[in-house]
>>> print(open('target20.csv').read())   # CSV, C-alpha atoms
chain,number,residue,atom,x,y,z
A,1,MET,CA,-14.1,49.1,49.4
A,2,SER,CA,-12.1,51.1,47.0
A,3,PRO,CA,-12.5,50.3,43.3
A,4,GLU,CA,-9.0,48.8,43.0
A,5,THR,CA,-9.6,46.3,45.9
A,6,ALA,CA,-10.6,42.9,44.8
A,7,PRO,CA,-14.0,41.7,46.2
A,8,LEU,CA,-14.1,39.0,48.8
A,9,ARG,CA,-14.8,35.6,47.4
A,10,ALA,CA,-17.7,34.1,49.3
A,11,GLY,CA,-19.1,30.6,49.3
A,12,LEU,CA,-22.5,29.3,50.5
A,13,ILE,CA,-23.3,25.9,52.1
A,14,GLY,CA,-26.9,24.9,52.0
A,15,LEU,CA,-29.5,25.9,49.4
A,16,GLY,CA,-32.7,25.3,51.3
A,17,MET,CA,-35.2,27.9,52.6
A,18,MET,CA,-32.6,30.0,54.5
A,19,GLY,CA,-29.8,29.4,52.0
A,20,ARG,CA,-31.7,30.9,49.2
A,21,HIS,CA,-32.1,34.2,51.1
A,22,HIS,CA,-28.4,34.2,51.9
A,23,ALA,CA,-27.6,33.7,48.2
A,24,ARG,CA,-29.9,36.6,47.3
A,25,VAL,CA,-28.1,39.0,49.7
A,26,LEU,CA,-24.6,37.8,48.8
A,27,ARG,CA,-25.3,38.5,45.1
A,28,ARG,CA,-26.0,42.2,45.8
A,29,LEU,CA,-23.5,42.7,48.7
A,30,ALA,CA,-21.0,45.4,47.9
A,31,GLY,CA,-17.4,44.2,47.9
A,32,VAL,CA,-18.3,40.6,47.8
A,33,GLU,CA,-18.6,38.0,45.0
A,34,LEU,CA,-20.6,34.8,45.5
A,35,VAL,CA,-18.3,32.3,43.6
A,36,GLY,CA,-19.9,28.9,44.5
A,37,ALA,CA,-22.4,26.9,46.6
A,38,ALA,CA,-22.5,23.4,48.0
A,39,ASP,CA,-25.5,21.2,48.8
A,40,PRO,CA,-25.6,17.5,48.3
A,41,MET,CA,-29.4,17.7,48.0
A,42,GLY,CA,-29.3,19.9,45.0
A,43,ASP,CA,-30.7,23.4,44.4
A,44,PRO,CA,-34.5,23.2,44.8
A,45,HIS,CA,-35.0,27.0,44.8
A,46,SER,CA,-32.5,27.7,41.9
A,47,ALA,CA,-30.6,29.8,44.4
A,48,ALA,CA,-27.2,29.2,42.9
A,49,GLN,CA,-28.2,30.8,39.6
A,50,GLY,CA,-25.2,30.3,37.5
A,51,VAL,CA,-22.4,29.9,40.1
A,52,PRO,CA,-20.9,26.4,40.4
A,53,ARG,CA,-22.8,24.0,42.7
A,54,PHE,CA,-20.9,21.2,44.5
A,55,ASP,CA,-21.8,18.3,46.7
A,56,THR,CA,-19.0,18.9,49.3
A,57,VAL,CA,-17.5,21.7,51.4
A,58,GLU,CA,-14.0,20.6,50.2
A,59,GLN,CA,-14.9,21.3,46.6
A,60,LEU,CA,-16.1,24.7,47.6
A,61,ILE,CA,-12.9,25.4,49.5
A,62,ASP,CA,-10.9,24.5,46.4
A,63,LEU,CA,-12.4,27.5,44.7
A,64,GLY,CA,-10.2,29.7,46.9
A,65,ILE,CA,-13.0,31.3,49.0
A,66,ASP,CA,-12.2,34.0,51.6
A,67,TYR,CA,-15.3,33.3,53.7
A,68,CYS,CA,-18.3,31.0,53.8
A,69,VAL,CA,-21.9,31.1,55.0
A,70,VAL,CA,-23.2,27.9,56.5
A,71,ALA,CA,-27.0,27.4,56.1
A,72,ALA,CA,-27.0,23.6,56.4
A,73,PRO,CA,-29.0,21.6,59.0
A,74,THR,CA,-27.7,22.0,62.5
A,75,ALA,CA,-26.5,18.4,62.7
A,76,PHE,CA,-23.8,19.2,60.1
A,77,HIS,CA,-22.5,22.4,61.7
A,78,GLU,CA,-19.7,20.9,63.7
A,79,LYS,CA,-18.2,19.0,60.8
A,80,LEU,CA,-18.6,21.9,58.3
A,81,GLY,CA,-17.3,24.4,60.8
A,82,LEU,CA,-14.1,22.4,61.7
A,83,THR,CA,-13.4,21.8,58.0
A,84,LEU,CA,-13.6,25.5,57.2
A,85,ALA,CA,-11.5,26.4,60.2
A,86,ASN,CA,-8.8,23.9,59.2
A,87,ALA,CA,-8.8,25.4,55.7
A,88,GLY,CA,-8.4,29.0,57.0
A,89,VAL,CA,-11.8,30.2,55.8
A,90,HIS,CA,-13.8,32.7,57.8
A,91,ALA,CA,-17.4,31.6,58.5
A,92,LEU,CA,-20.9,32.9,59.3
A,93,VAL,CA,-22.8,29.9,60.7
A,94,GLU,CA,-26.6,29.9,61.0
A,95,LYS,CA,-27.9,29.6,64.5
A,96,PRO,CA,-27.5,27.5,66.6
A,97,LEU,CA,-23.8,27.3,66.4
A,98,ALA,CA,-23.9,23.5,66.6
A,99,GLN,CA,-26.2,20.7,67.9
A,100,ASP,CA,-24.9,20.7,71.5
A,101,VAL,CA,-22.5,22.4,73.9
A,102,ALA,CA,-19.5,20.2,73.3
A,103,SER,CA,-19.8,20.6,69.5
A,104,SER,CA,-20.3,24.3,69.7
A,105,ARG,CA,-17.3,24.7,71.9
A,106,LYS,CA,-15.1,22.7,69.5
A,107,VAL,CA,-16.2,25.0,66.6
A,108,ALA,CA,-15.7,28.2,68.5
A,109,GLU,CA,-12.3,27.2,69.8
A,110,ALA,CA,-11.2,26.1,66.3
A,111,PHE,CA,-11.9,29.5,64.8
A,112,GLU,CA,-10.3,31.3,67.7
A,113,ALA,CA,-7.2,29.1,67.5
A,114,ALA,CA,-6.9,29.8,63.8
A,115,GLY,CA,-7.3,33.6,64.2
A,116,LEU,CA,-10.4,33.5,62.0
A,117,VAL,CA,-13.6,35.6,62.1
A,118,GLY,CA,-16.4,33.3,63.2
A,119,ALA,CA,-19.9,34.5,63.6
A,120,VAL,CA,-23.4,33.0,64.3
A,121,GLY,CA,-26.5,34.1,62.4
A,122,HIS,CA,-28.6,35.4,65.3
A,123,ILE,CA,-30.5,37.7,63.0
A,124,GLU,CA,-32.7,39.3,65.6
A,125,ARG,CA,-29.8,41.5,66.7
A,126,TYR,CA,-30.1,43.2,63.3
A,127,ASN,CA,-33.8,43.8,63.5
A,128,PRO,CA,-34.3,47.6,63.5
A,129,ALA,CA,-36.9,47.4,66.2
A,130,LEU,CA,-34.6,45.6,68.6
A,131,GLN,CA,-31.6,47.8,67.7
A,132,GLN,CA,-33.7,50.9,68.6
A,133,LEU,CA,-34.9,49.2,71.8
A,134,ARG,CA,-31.4,48.5,72.9
A,135,ALA,CA,-30.2,52.0,72.1
A,136,ARG,CA,-33.1,53.4,74.2
A,137,LEU,CA,-32.3,51.1,77.1
A,138,GLU,CA,-28.6,52.2,77.0
A,139,ASP,CA,-29.8,55.9,77.1
A,140,GLY,CA,-31.8,55.1,80.2
A,141,GLN,CA,-35.3,55.6,78.8
A,142,LEU,CA,-36.8,53.0,81.1
A,143,GLY,CA,-34.5,53.5,84.1
A,144,SER,CA,-34.0,50.3,86.0
A,145,VAL,CA,-35.1,47.3,84.0
A,146,TYR,CA,-37.4,44.8,85.8
A,147,GLN,CA,-38.5,42.2,83.3
A,148,VAL,CA,-38.0,41.0,79.7
A,149,VAL,CA,-40.8,39.0,78.1
A,150,THR,CA,-40.6,37.4,74.7
A,151,ARG,CA,-43.3,35.5,72.7
A,152,ARG,CA,-42.2,33.6,69.6
A,153,GLN,CA,-45.1,31.5,68.3
A,154,GLY,CA,-46.1,30.1,65.0
A,155,PRO,CA,-46.9,26.9,63.0
A,156,PHE,CA,-44.4,24.0,62.6
A,157,PRO,CA,-41.7,24.5,59.9
A,158,ASN,CA,-41.4,21.2,58.0
A,159,ARG,CA,-37.8,22.0,57.2
A,160,ILE,CA,-36.6,21.6,60.8
A,161,SER,CA,-36.0,17.9,61.7
A,162,ASP,CA,-32.8,17.7,63.8
A,163,VAL,CA,-33.5,20.0,66.8
A,164,GLY,CA,-36.5,21.1,68.8
A,165,VAL,CA,-38.0,24.5,69.4
A,166,VAL,CA,-35.5,25.4,72.2
A,167,LYS,CA,-32.4,25.3,70.0
A,168,ASP,CA,-34.1,26.4,66.8
A,169,LEU,CA,-36.2,29.3,68.1
A,170,ALA,CA,-35.6,30.0,71.8
A,171,THR,CA,-31.9,30.7,71.0
A,172,HIS,CA,-33.2,33.9,69.3
A,173,ASP,CA,-34.7,35.0,72.5
A,174,ILE,CA,-31.8,34.0,74.6
A,175,ASP,CA,-29.4,36.0,72.5
A,176,LEU,CA,-31.6,39.1,72.1
A,177,THR,CA,-32.4,39.2,75.8
A,178,ALA,CA,-28.8,39.1,76.9
A,179,TRP,CA,-27.9,41.6,74.1
A,180,VAL,CA,-30.5,44.3,74.7
A,181,THR,CA,-30.0,44.2,78.5
A,182,GLY,CA,-26.2,43.7,78.5
A,183,GLN,CA,-26.7,41.0,81.1
A,184,ALA,CA,-25.9,37.3,81.2
A,185,TYR,CA,-28.3,34.6,82.2
A,186,ARG,CA,-27.8,33.2,85.7
A,187,SER,CA,-30.7,30.6,86.0
A,188,VAL,CA,-33.6,29.2,84.1
A,189,SER,CA,-36.7,27.1,84.9
A,190,ALA,CA,-38.4,25.6,81.9
A,191,ARG,CA,-41.2,23.3,81.0
A,192,THR,CA,-41.6,21.7,77.6
A,193,ALA,CA,-44.3,19.8,75.6
A,194,TYR,CA,-44.3,17.3,72.8
A,195,LYS,CA,-47.5,17.5,70.9
A,196,SER,CA,-46.6,17.0,67.2
A,197,GLY,CA,-45.4,13.4,67.4
A,198,ARG,CA,-41.7,14.3,66.9
A,199,ASP,CA,-38.7,13.3,69.0
A,200,PHE,CA,-38.1,17.0,69.9
A,201,GLU,CA,-40.0,19.5,72.0
A,202,ASP,CA,-42.4,21.8,70.1
A,203,LEU,CA,-43.3,24.1,73.1
A,204,VAL,CA,-41.3,25.7,75.9
A,205,ALA,CA,-42.2,28.1,78.6
A,206,VAL,CA,-39.3,29.6,80.6
A,207,VAL,CA,-38.7,31.8,83.6
A,208,GLY,CA,-35.2,33.0,83.9
A,209,GLN,CA,-33.1,35.5,85.8
A,210,LEU,CA,-30.2,37.6,84.6
A,211,ALA,CA,-27.1,38.6,86.4
A,212,ASP,CA,-28.5,41.9,87.7
A,213,GLY,CA,-31.7,40.3,88.9
A,214,THR,CA,-33.9,41.1,85.9
A,215,VAL,CA,-36.6,38.5,85.4
A,216,THR,CA,-37.2,37.0,82.0
A,217,ASN,CA,-40.1,35.1,80.5
A,218,HIS,CA,-40.1,33.3,77.2
A,219,LEU,CA,-43.0,31.5,75.5
A,220,VAL,CA,-41.9,29.7,72.3
A,221,ASN,CA,-43.8,27.1,70.3
A,222,TRP,CA,-44.4,25.5,66.9
A,223,LEU,CA,-48.1,24.9,67.7
A,224,SER,CA,-49.8,28.2,67.1
A,225,PRO,CA,-51.8,28.9,63.9
A,226,MET,CA,-50.8,32.6,64.1
A,227,LYS,CA,-47.3,34.0,64.0
A,228,GLU,CA,-46.0,36.2,66.8
A,229,ARG,CA,-42.6,37.8,67.5
A,230,VAL,CA,-42.8,40.2,70.4
A,231,THR,CA,-40.3,41.5,73.0
A,232,ILE,CA,-41.6,43.5,76.0
A,233,VAL,CA,-39.1,45.2,78.3
A,234,THR,CA,-40.6,46.7,81.5
A,235,GLY,CA,-38.8,49.2,83.7
A,236,GLU,CA,-39.4,51.8,86.3
A,237,ARG,CA,-40.4,54.5,83.7
A,238,GLY,CA,-42.6,52.3,81.5
A,239,CYS,CA,-42.2,49.6,78.9
A,240,LEU,CA,-40.9,49.3,75.3
A,241,ILE,CA,-42.6,46.8,73.0
A,242,ALA,CA,-40.7,45.5,69.9
A,243,ASP,CA,-42.7,43.7,67.2
A,244,THR,CA,-40.0,42.2,65.1
A,245,LEU,CA,-42.4,40.8,62.5
A,246,ASN,CA,-43.7,44.2,61.6
A,247,VAL,CA,-40.5,46.1,62.7
A,248,ASP,CA,-42.4,48.3,65.1
A,249,LEU,CA,-41.3,49.8,68.4
A,250,THR,CA,-43.8,51.3,70.9
A,251,PHE,CA,-43.2,53.1,74.2
A,252,HIS,CA,-45.8,53.1,77.0
A,253,ASN,CA,-45.0,55.7,79.6
A,254,ASN,CA,-45.5,55.1,83.3
A,255,ALA,CA,-47.6,58.0,84.6
A,256,GLU,CA,-47.1,57.6,88.3
A,257,MET,CA,-50.1,58.7,90.4
A,258,MET,CA,-49.7,60.2,93.8
A,259,THR,CA,-52.3,58.7,96.1
A,260,GLN,CA,-54.0,60.7,98.8
A,261,TRP,CA,-55.0,57.7,100.8
A,262,GLU,CA,-53.0,57.5,103.9
A,263,ALA,CA,-53.1,53.6,103.9
A,264,LEU,CA,-51.5,53.6,100.5
A,265,SER,CA,-49.2,56.6,100.9
A,266,ASN,CA,-46.1,54.4,100.9
A,267,PHE,CA,-47.1,52.5,97.8
A,268,ARG,CA,-45.4,53.5,94.6
A,269,GLY,CA,-47.7,52.5,91.8
A,270,VAL,CA,-48.0,52.9,88.1
A,271,SER,CA,-50.7,54.1,85.8
A,272,GLU,CA,-51.2,54.3,82.0
A,273,GLY,CA,-49.5,57.2,80.5
A,274,ASP,CA,-48.7,58.3,77.0
A,275,MET,CA,-48.1,55.8,74.2
A,276,ILE,CA,-45.6,56.6,71.4
A,277,ARG,CA,-45.1,54.5,68.3
A,278,TYR,CA,-41.7,55.3,66.9
A,279,ALA,CA,-41.0,55.8,63.2
A,280,ILE,CA,-37.9,53.9,62.4
A,281,SER,CA,-36.0,53.0,59.2
A,282,LYS,CA,-36.4,49.4,58.2
A,283,PRO,CA,-33.4,48.0,56.4
A,284,GLU,CA,-33.5,44.2,55.9
A,285,PRO,CA,-31.9,42.5,58.9
A,286,LEU,CA,-30.2,39.8,56.8
A,287,GLN,CA,-28.6,42.5,54.7
A,288,THR,CA,-27.4,44.3,57.8
A,289,GLU,CA,-26.0,41.0,59.2
A,290,HIS,CA,-24.1,40.3,56.0
A,291,GLU,CA,-22.7,43.8,55.9
A,292,ALA,CA,-21.5,43.4,59.5
A,293,PHE,CA,-19.8,40.1,58.8
A,294,ARG,CA,-18.1,41.4,55.6
A,295,ASP,CA,-16.7,44.3,57.6
A,296,ALA,CA,-15.4,42.0,60.3
A,297,VAL,CA,-13.6,39.9,57.7
A,298,LEU,CA,-12.1,43.1,56.3
A,299,GLY,CA,-10.8,43.9,59.8
A,300,LYS,CA,-13.1,46.8,60.5
A,301,ASP,CA,-15.0,47.4,63.8
A,302,SER,CA,-18.2,45.5,63.4
A,303,ASP,CA,-21.1,44.2,65.6
A,304,ILE,CA,-21.2,40.5,64.9
A,305,VAL,CA,-22.4,37.7,67.1
A,306,THR,CA,-19.2,35.9,67.8
A,307,MET,CA,-19.0,32.2,68.0
A,308,ARG,CA,-18.1,32.5,71.7
A,309,GLN,CA,-21.4,34.4,72.2
A,310,GLY,CA,-23.1,31.7,70.1
A,311,LEU,CA,-21.7,29.1,72.4
A,312,VAL,CA,-23.1,30.8,75.4
A,313,ASN,CA,-26.5,30.8,73.8
A,314,VAL,CA,-26.3,27.0,73.3
A,315,VAL,CA,-25.2,26.6,77.0
A,316,VAL,CA,-28.4,28.5,78.1
A,317,ALA,CA,-30.5,26.5,75.7
A,318,GLN,CA,-29.2,23.3,77.1
A,319,ALA,CA,-29.9,24.5,80.7
A,320,MET,CA,-33.5,25.1,79.6
A,321,LEU,CA,-33.7,21.5,78.3
A,322,ASP,CA,-32.1,20.2,81.5
A,323,SER,CA,-34.5,22.1,83.6
A,324,ALA,CA,-37.5,20.8,81.8
A,325,SER,CA,-36.2,17.2,81.9
A,326,GLU,CA,-35.4,17.4,85.7
A,327,GLY,CA,-38.2,19.7,86.8
A,328,VAL,CA,-35.8,22.0,88.6
A,329,THR,CA,-34.3,25.4,88.3
A,330,VAL,CA,-30.9,25.2,86.7
A,331,SER,CA,-28.0,27.6,87.2
A,332,VAL,CA,-26.2,28.7,84.0
A,333,GLU,CA,-22.5,28.3,84.0
A,334,SER,CA,-20.8,31.4,82.6
>>> encode(input="target20.csv", output="structure tokens")
Amino acid sequence: MSPETAPLRAGLIGLGMMGRHHARVLRRLAGVELVGAADPMGDPHSAAQGVPRFDTVEQLIDLGIDYCVVAAPTAFHEKLGLTLANAGVHALVEKPLAQDVASSRKVAEAFEAAGLVGAVGHIERYNPALQQLRARLEDGQLGSVYQVVTRRQGPFPNRISDVGVVKDLATHDIDLTAWVTGQAYRSVSARTAYKSGRDFEDLVAVVGQLADGTVTNHLVNWLSPMKERVTIVTGERGCLIADTLNVDLTFHNNAEMMTQWEALSNFRGVSEGDMIRYAISKPEPLQTEHEAFRDAVLGKDSDIVTMRQGLVNVVVAQAMLDSASEGVTVSVES
């Protein structure tokens, strides 16, 4: 922004574990001023740090904010989103967009009808390892893509109480898989487990298929004593492995071997080839996400996760839950 341009006035709803990180980034974001925050539960992490803190979204809107970041529990996303849309305030809502498909659709349609910028905080899109992976897929490094495997495992986060592991964590994998491949989901078959005594699932295993036939596998749980965030894309020329915890990207080349055995002469196999670990720059994904949303509010070309895309992710997540409940493969409605 030019020096004479007034900064965008930003508000923040939710001052919990994620909200404190949004507050930190908003404070240092060029061209943006954090002018207020709202959380009826107070400010346990002292994230507001001098800006006014309110109990309601309406009080925050009265400050005259240009946009708002919503980091409140998922159960409140629909009400908060509709209130912001009705007030003409652009919004970045933490994933998932809302607690179910109907609520997510209402929010997405409200922002579209008002001509507002609405985005969903699927932060994995901004992880440098996955951005590099996507760019290499677009360049054809793997040739035809056969399979996408994701593993997202770790201990239970006590802050999550209103959704299960599918909507809280698997939505990351749903979004990143469709994004890196450029393909929509067509079907899913899932199984869930309830091991921690809660009303919501804490483990899901999913087999899916994308529009072009690519097979997907997702293993997500809150039951593991170790934390893992891995995406493996396998294609005809090898595989790319993104470790989003450590922001690493590795390529394993497919060194095809020509067999001399007549019985196997028609078999096209693979063998271990060279392995390359790429050196990549590692900006903070949350910073990149905020920069993209700021630019979108300013009317610039920007790669945000739109609310319409966030709605699709909730649709796929619900298909996973329906599949697990019914014990069948479920087609995903586009």
>>> residues_near_point(input="target20.csv", point="(-22.3, 28.8, 64.6)", cutoff="12 Å", atoms="all atoms listed in the file", output="compact mmCIF listing (two decimals) with C-alpha atoms, keeping the file's coordinate frame")
# COMPACT_ATOMS: atom_id res chain seq x y z
CA CYS A 68 -18.30 31.00 53.80
CA VAL A 69 -21.90 31.10 55.00
CA VAL A 70 -23.20 27.90 56.50
CA ALA A 71 -27.00 27.40 56.10
CA ALA A 72 -27.00 23.60 56.40
CA PRO A 73 -29.00 21.60 59.00
CA THR A 74 -27.70 22.00 62.50
CA ALA A 75 -26.50 18.40 62.70
CA PHE A 76 -23.80 19.20 60.10
CA HIS A 77 -22.50 22.40 61.70
CA GLU A 78 -19.70 20.90 63.70
CA LYS A 79 -18.20 19.00 60.80
CA LEU A 80 -18.60 21.90 58.30
CA GLY A 81 -17.30 24.40 60.80
CA LEU A 82 -14.10 22.40 61.70
CA LEU A 84 -13.60 25.50 57.20
CA ALA A 85 -11.50 26.40 60.20
CA HIS A 90 -13.80 32.70 57.80
CA ALA A 91 -17.40 31.60 58.50
CA LEU A 92 -20.90 32.90 59.30
CA VAL A 93 -22.80 29.90 60.70
CA GLU A 94 -26.60 29.90 61.00
CA LYS A 95 -27.90 29.60 64.50
CA PRO A 96 -27.50 27.50 66.60
CA LEU A 97 -23.80 27.30 66.40
CA ALA A 98 -23.90 23.50 66.60
CA GLN A 99 -26.20 20.70 67.90
CA ASP A 100 -24.90 20.70 71.50
CA VAL A 101 -22.50 22.40 73.90
CA SER A 103 -19.80 20.60 69.50
CA SER A 104 -20.30 24.30 69.70
CA ARG A 105 -17.30 24.70 71.90
CA LYS A 106 -15.10 22.70 69.50
CA VAL A 107 -16.20 25.00 66.60
CA ALA A 108 -15.70 28.20 68.50
CA GLU A 109 -12.30 27.20 69.80
CA ALA A 110 -11.20 26.10 66.30
CA PHE A 111 -11.90 29.50 64.80
CA VAL A 117 -13.60 35.60 62.10
CA GLY A 118 -16.40 33.30 63.20
CA ALA A 119 -19.90 34.50 63.60
CA VAL A 120 -23.40 33.00 64.30
CA GLY A 121 -26.50 34.10 62.40
CA HIS A 122 -28.60 35.40 65.30
CA LYS A 167 -32.40 25.30 70.00
CA THR A 171 -31.90 30.70 71.00
CA ILE A 304 -21.20 40.50 64.90
CA VAL A 305 -22.40 37.70 67.10
CA THR A 306 -19.20 35.90 67.80
CA MET A 307 -19.00 32.20 68.00
CA ARG A 308 -18.10 32.50 71.70
CA GLN A 309 -21.40 34.40 72.20
CA GLY A 310 -23.10 31.70 70.10
CA LEU A 311 -21.70 29.10 72.40
CA VAL A 312 -23.10 30.80 75.40
CA ASN A 313 -26.50 30.80 73.80
CA VAL A 314 -26.30 27.00 73.30
>>> closest_residue(input="target20.csv", among="A:Leu29, A:Met18, A:Leu223, A:Val145", to="A:Cys239", atoms="only C-alpha atoms")
A:Val145
>>> closest_residue(input="target20.csv", among="A:Ala178, A:Ala184, A:Ala292, A:Val163", to="A:Leu321", atoms="all atoms listed in the file")
A:Val163
>>> atom_distance(input="target20.csv", atom1="atom CA of A:Ala317", atom2="atom CA of A:Val166")
6.2 Å
>>> atom_distance(input="target20.csv", atom1="atom CA of A:Val188", atom2="atom CA of A:Val332")
7.4 Å
>>> closest_residue(input="target20.csv", among="A:Thr5, A:Ser302, A:Gln131, A:Ser196", to="A:Asp248", atoms="only C-alpha atoms")
A:Gln131
>>> closest_residue(input="target20.csv", among="A:Ser144, A:Thr214, A:Thr231, A:Gln153", to="A:Asp173", atoms="only C-alpha atoms")
A:Thr231
>>> atom_distance(input="target20.csv", atom1="atom CA of A:Ile174", atom2="atom CA of A:Thr150")
9.4 Å
>>> closest_residue(input="target20.csv", among="A:Gly115, A:Gly182, A:Gly88, A:Gly238", to="A:Gly64", atoms="all atoms listed in the file")
A:Gly88
